[in-house]
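Report on the structure given below.
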Amino acid sequence: MIRPVLTEIGIFLIPFAVYALFLAATRSGLFVQSSWPITVVARQVLAALVLVIAGLIGLAHFSGAAPNSTYIPAHIENGKLVPGRDS
């Protein structure tokens with residue numbers, strides 16, 4: 001469960017990292033407050049939220065089992081644990 005959460009956090013941080021790389025490449029003050037005006041930060045937050053929503057939709061749509069599959073839970077056969085699976 002932690003992997004999808006960390007993935008979405010990483011996706012959220014992409015616009016900020018790209019802007020920081022842009023500031024570093026143009027030799028603007030990366031840690032100067034005037035390089036991060038509120039309008040730019042607001043646009044980055046909006047872009048980050050769009051990316052996160054798209055990521056969540058993609059995760060819900062493309063991950064998991066097929067809609068009509070049957071889950072067979074983990075069980076013991078001949079003294080060995082057989083992991084759960086979809087069939």
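Chain labels A, B, ... are given in the sequence in which chains occur in the structure tokens; within each chain residues are numbered consecutively from 1, and ligands are likewise numbered from 1 in the order shown.
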Checklist entry - Do you know which residues are at most 10 Å from range 44-47 of chain A counting only C-alpha atoms, after dropping those on the same chain fewer than 4 positions away, and could you put them as a VMD selection string? => result chain A and resid 12 to 19 38 to 40 51 to 53
Take the residues from that selection and write them out as a PDB file, in the first residue's frame, keeping C-alpha atoms.
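Now in out34.pdb:
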ATOM      1  CA  PHE A  12       2.814  15.506  -7.202  1.00  0.00           C
ATOM      2  CA  LEU A  13       6.395  16.756  -6.804  1.00  0.00           C
ATOM      3  CA  ILE A  14       7.259  16.545 -10.535  1.00  0.00           C
ATOM      4  CA  PRO A  15       6.192  20.129 -11.481  1.00  0.00           C
ATOM      5  CA  PHE A  16       8.161  21.588  -8.570  1.00  0.00           C
ATOM      6  CA  ALA A  17      11.268  19.600  -9.472  1.00  0.00           C
ATOM      7  CA  VAL A  18      11.031  20.659 -13.117  1.00  0.00           C
ATOM      8  CA  TYR A  19      10.732  24.330 -12.110  1.00  0.00           C
ATOM      9  CA  ILE A  38       2.570  32.836  -5.755  1.00  0.00           C
ATOM     10  CA  THR A  39       1.161  32.642  -9.302  1.00  0.00           C
ATOM     11  CA  VAL A  40       3.887  30.212 -10.383  1.00  0.00           C
ATOM     12  CA  LEU A  51      -1.118  14.757 -12.651  1.00  0.00           C
ATOM     13  CA  VAL A  52      -2.119  13.044  -9.398  1.00  0.00           C
ATOM     14  CA  ILE A  53      -5.741  12.694 -10.497  1.00  0.00           C
TER      15      ILE A  53
END
Checklist entry - Running DSSP on the backbone, which parts of chain A land in helix (DSSP H, G or I), as a PyMOL selection string? => result chain A and resi 2-25+33-35+38-62
Checklist entry - CA of Thr7 in chain A and CA of Leu49 in chain A, how far apart in Å? => result 13.4 Å
Next on the checklist: I'd like the contact shell of range 56-59 of chain A - 10 Å cut-off, only C-alpha atoms, skipping same-chain residues fewer than 5 positions apart - returned as a VMD selection string.
Outcome noted: chain A and resid 4 to 5 7 to 8 50 to 51 64
Residues just named, written with C-alpha atoms as a compact mmCIF listing (two decimals), in the first residue's frame:
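Dumped to part19.txt:
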# COMPACT_ATOMS: atom_id res chain seq x y z
CA PRO A 4 1.11 3.65 -4.59
CA VAL A 5 1.12 6.43 -1.99
CA THR A 7 4.23 7.04 -6.32
CA GLU A 8 1.47 9.65 -6.10
CA VAL A 50 -4.03 17.19 -12.44
CA LEU A 51 -1.12 14.76 -12.65
CA GLY A 64 -5.89 -5.20 -10.46
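The protein and nucleic acid residues lying at most 10 Å from Ala65 in chain A are Tyr71, Arg85, Asp86 and Ser87 of chain A, with only C-alpha atoms considered and sequence neighbours fewer than 6 positions away removed.
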Checklist entry - Could you state the separation of CA of Ala24 in chain A and CA of Trp36 in chain A in Å, given to one decimal place? => result 12.7 Å
Next on the checklist: If DSSP is run on the backbone, what residues of chain A are strand (DSSP E)? A reply as a list in words would be ideal.
Outcome noted: Tyr71, Ile72, His75, Ile76, Glu77, Lys80, Leu81, Val82, Arg85 and Asp86 of chain A
Since we have the selection now, will you write its residues out, keeping N, CA, C and O atoms, as a PDB file, in the first residue's frame?
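Below is the file that was written, result.pdb:
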ATOM      1  N   TYR A  71     -11.312 -14.541  -7.163  1.00  0.00           N
ATOM      2  CA  TYR A  71     -10.147 -14.561  -6.287  1.00  0.00           C
ATOM      3  C   TYR A  71     -10.141 -15.858  -5.494  1.00  0.00           C
ATOM      4  O   TYR A  71     -11.136 -16.229  -4.870  1.00  0.00           O
ATOM      5  N   ILE A  72      -9.018 -16.555  -5.529  1.00  0.00           N
ATOM      6  CA  ILE A  72      -8.818 -17.753  -4.728  1.00  0.00           C
ATOM      7  C   ILE A  72      -7.864 -17.366  -3.609  1.00  0.00           C
ATOM      8  O   ILE A  72      -6.704 -17.045  -3.869  1.00  0.00           O
ATOM      9  N   HIS A  75      -4.121 -20.479   0.788  1.00  0.00           N
ATOM     10  CA  HIS A  75      -4.540 -21.656   1.537  1.00  0.00           C
ATOM     11  C   HIS A  75      -3.363 -22.629   1.661  1.00  0.00           C
ATOM     12  O   HIS A  75      -2.333 -22.436   1.045  1.00  0.00           O
ATOM     13  N   ILE A  76      -3.562 -23.657   2.452  1.00  0.00           N
ATOM     14  CA  ILE A  76      -2.520 -24.655   2.693  1.00  0.00           C
ATOM     15  C   ILE A  76      -2.873 -25.914   1.902  1.00  0.00           C
ATOM     16  O   ILE A  76      -3.975 -26.431   2.013  1.00  0.00           O
ATOM     17  N   GLU A  77      -1.926 -26.378   1.090  1.00  0.00           N
ATOM     18  CA  GLU A  77      -2.060 -27.640   0.366  1.00  0.00           C
ATOM     19  C   GLU A  77      -0.841 -28.495   0.673  1.00  0.00           C
ATOM     20  O   GLU A  77       0.292 -28.060   0.455  1.00  0.00           O
ATOM     21  N   LYS A  80       1.951 -26.895   2.593  1.00  0.00           N
ATOM     22  CA  LYS A  80       2.647 -25.727   2.050  1.00  0.00           C
ATOM     23  C   LYS A  80       1.635 -24.626   1.782  1.00  0.00           C
ATOM     24  O   LYS A  80       0.510 -24.881   1.361  1.00  0.00           O
ATOM     25  N   LEU A  81       2.079 -23.409   2.024  1.00  0.00           N
ATOM     26  CA  LEU A  81       1.225 -22.243   1.793  1.00  0.00           C
ATOM     27  C   LEU A  81       1.181 -21.937   0.303  1.00  0.00           C
ATOM     28  O   LEU A  81       2.222 -21.730  -0.343  1.00  0.00           O
ATOM     29  N   VAL A  82      -0.018 -21.896  -0.256  1.00  0.00           N
ATOM     30  CA  VAL A  82      -0.219 -21.527  -1.663  1.00  0.00           C
ATOM     31  C   VAL A  82      -0.760 -20.105  -1.654  1.00  0.00           C
ATOM     32  O   VAL A  82      -1.792 -19.836  -1.048  1.00  0.00           O
ATOM     33  N   ARG A  85      -4.574 -15.963  -5.565  1.00  0.00           N
ATOM     34  CA  ARG A  85      -4.438 -15.600  -6.975  1.00  0.00           C
ATOM     35  C   ARG A  85      -5.811 -15.332  -7.569  1.00  0.00           C
ATOM     36  O   ARG A  85      -6.829 -15.683  -7.013  1.00  0.00           O
ATOM     37  N   ASP A  86      -5.811 -14.712  -8.723  1.00  0.00           N
ATOM     38  CA  ASP A  86      -7.027 -14.488  -9.487  1.00  0.00           C
ATOM     39  C   ASP A  86      -7.088 -15.499 -10.606  1.00  0.00           C
ATOM     40  O   ASP A  86      -6.086 -15.812 -11.241  1.00  0.00           O
TER      41      ASP A  86
END
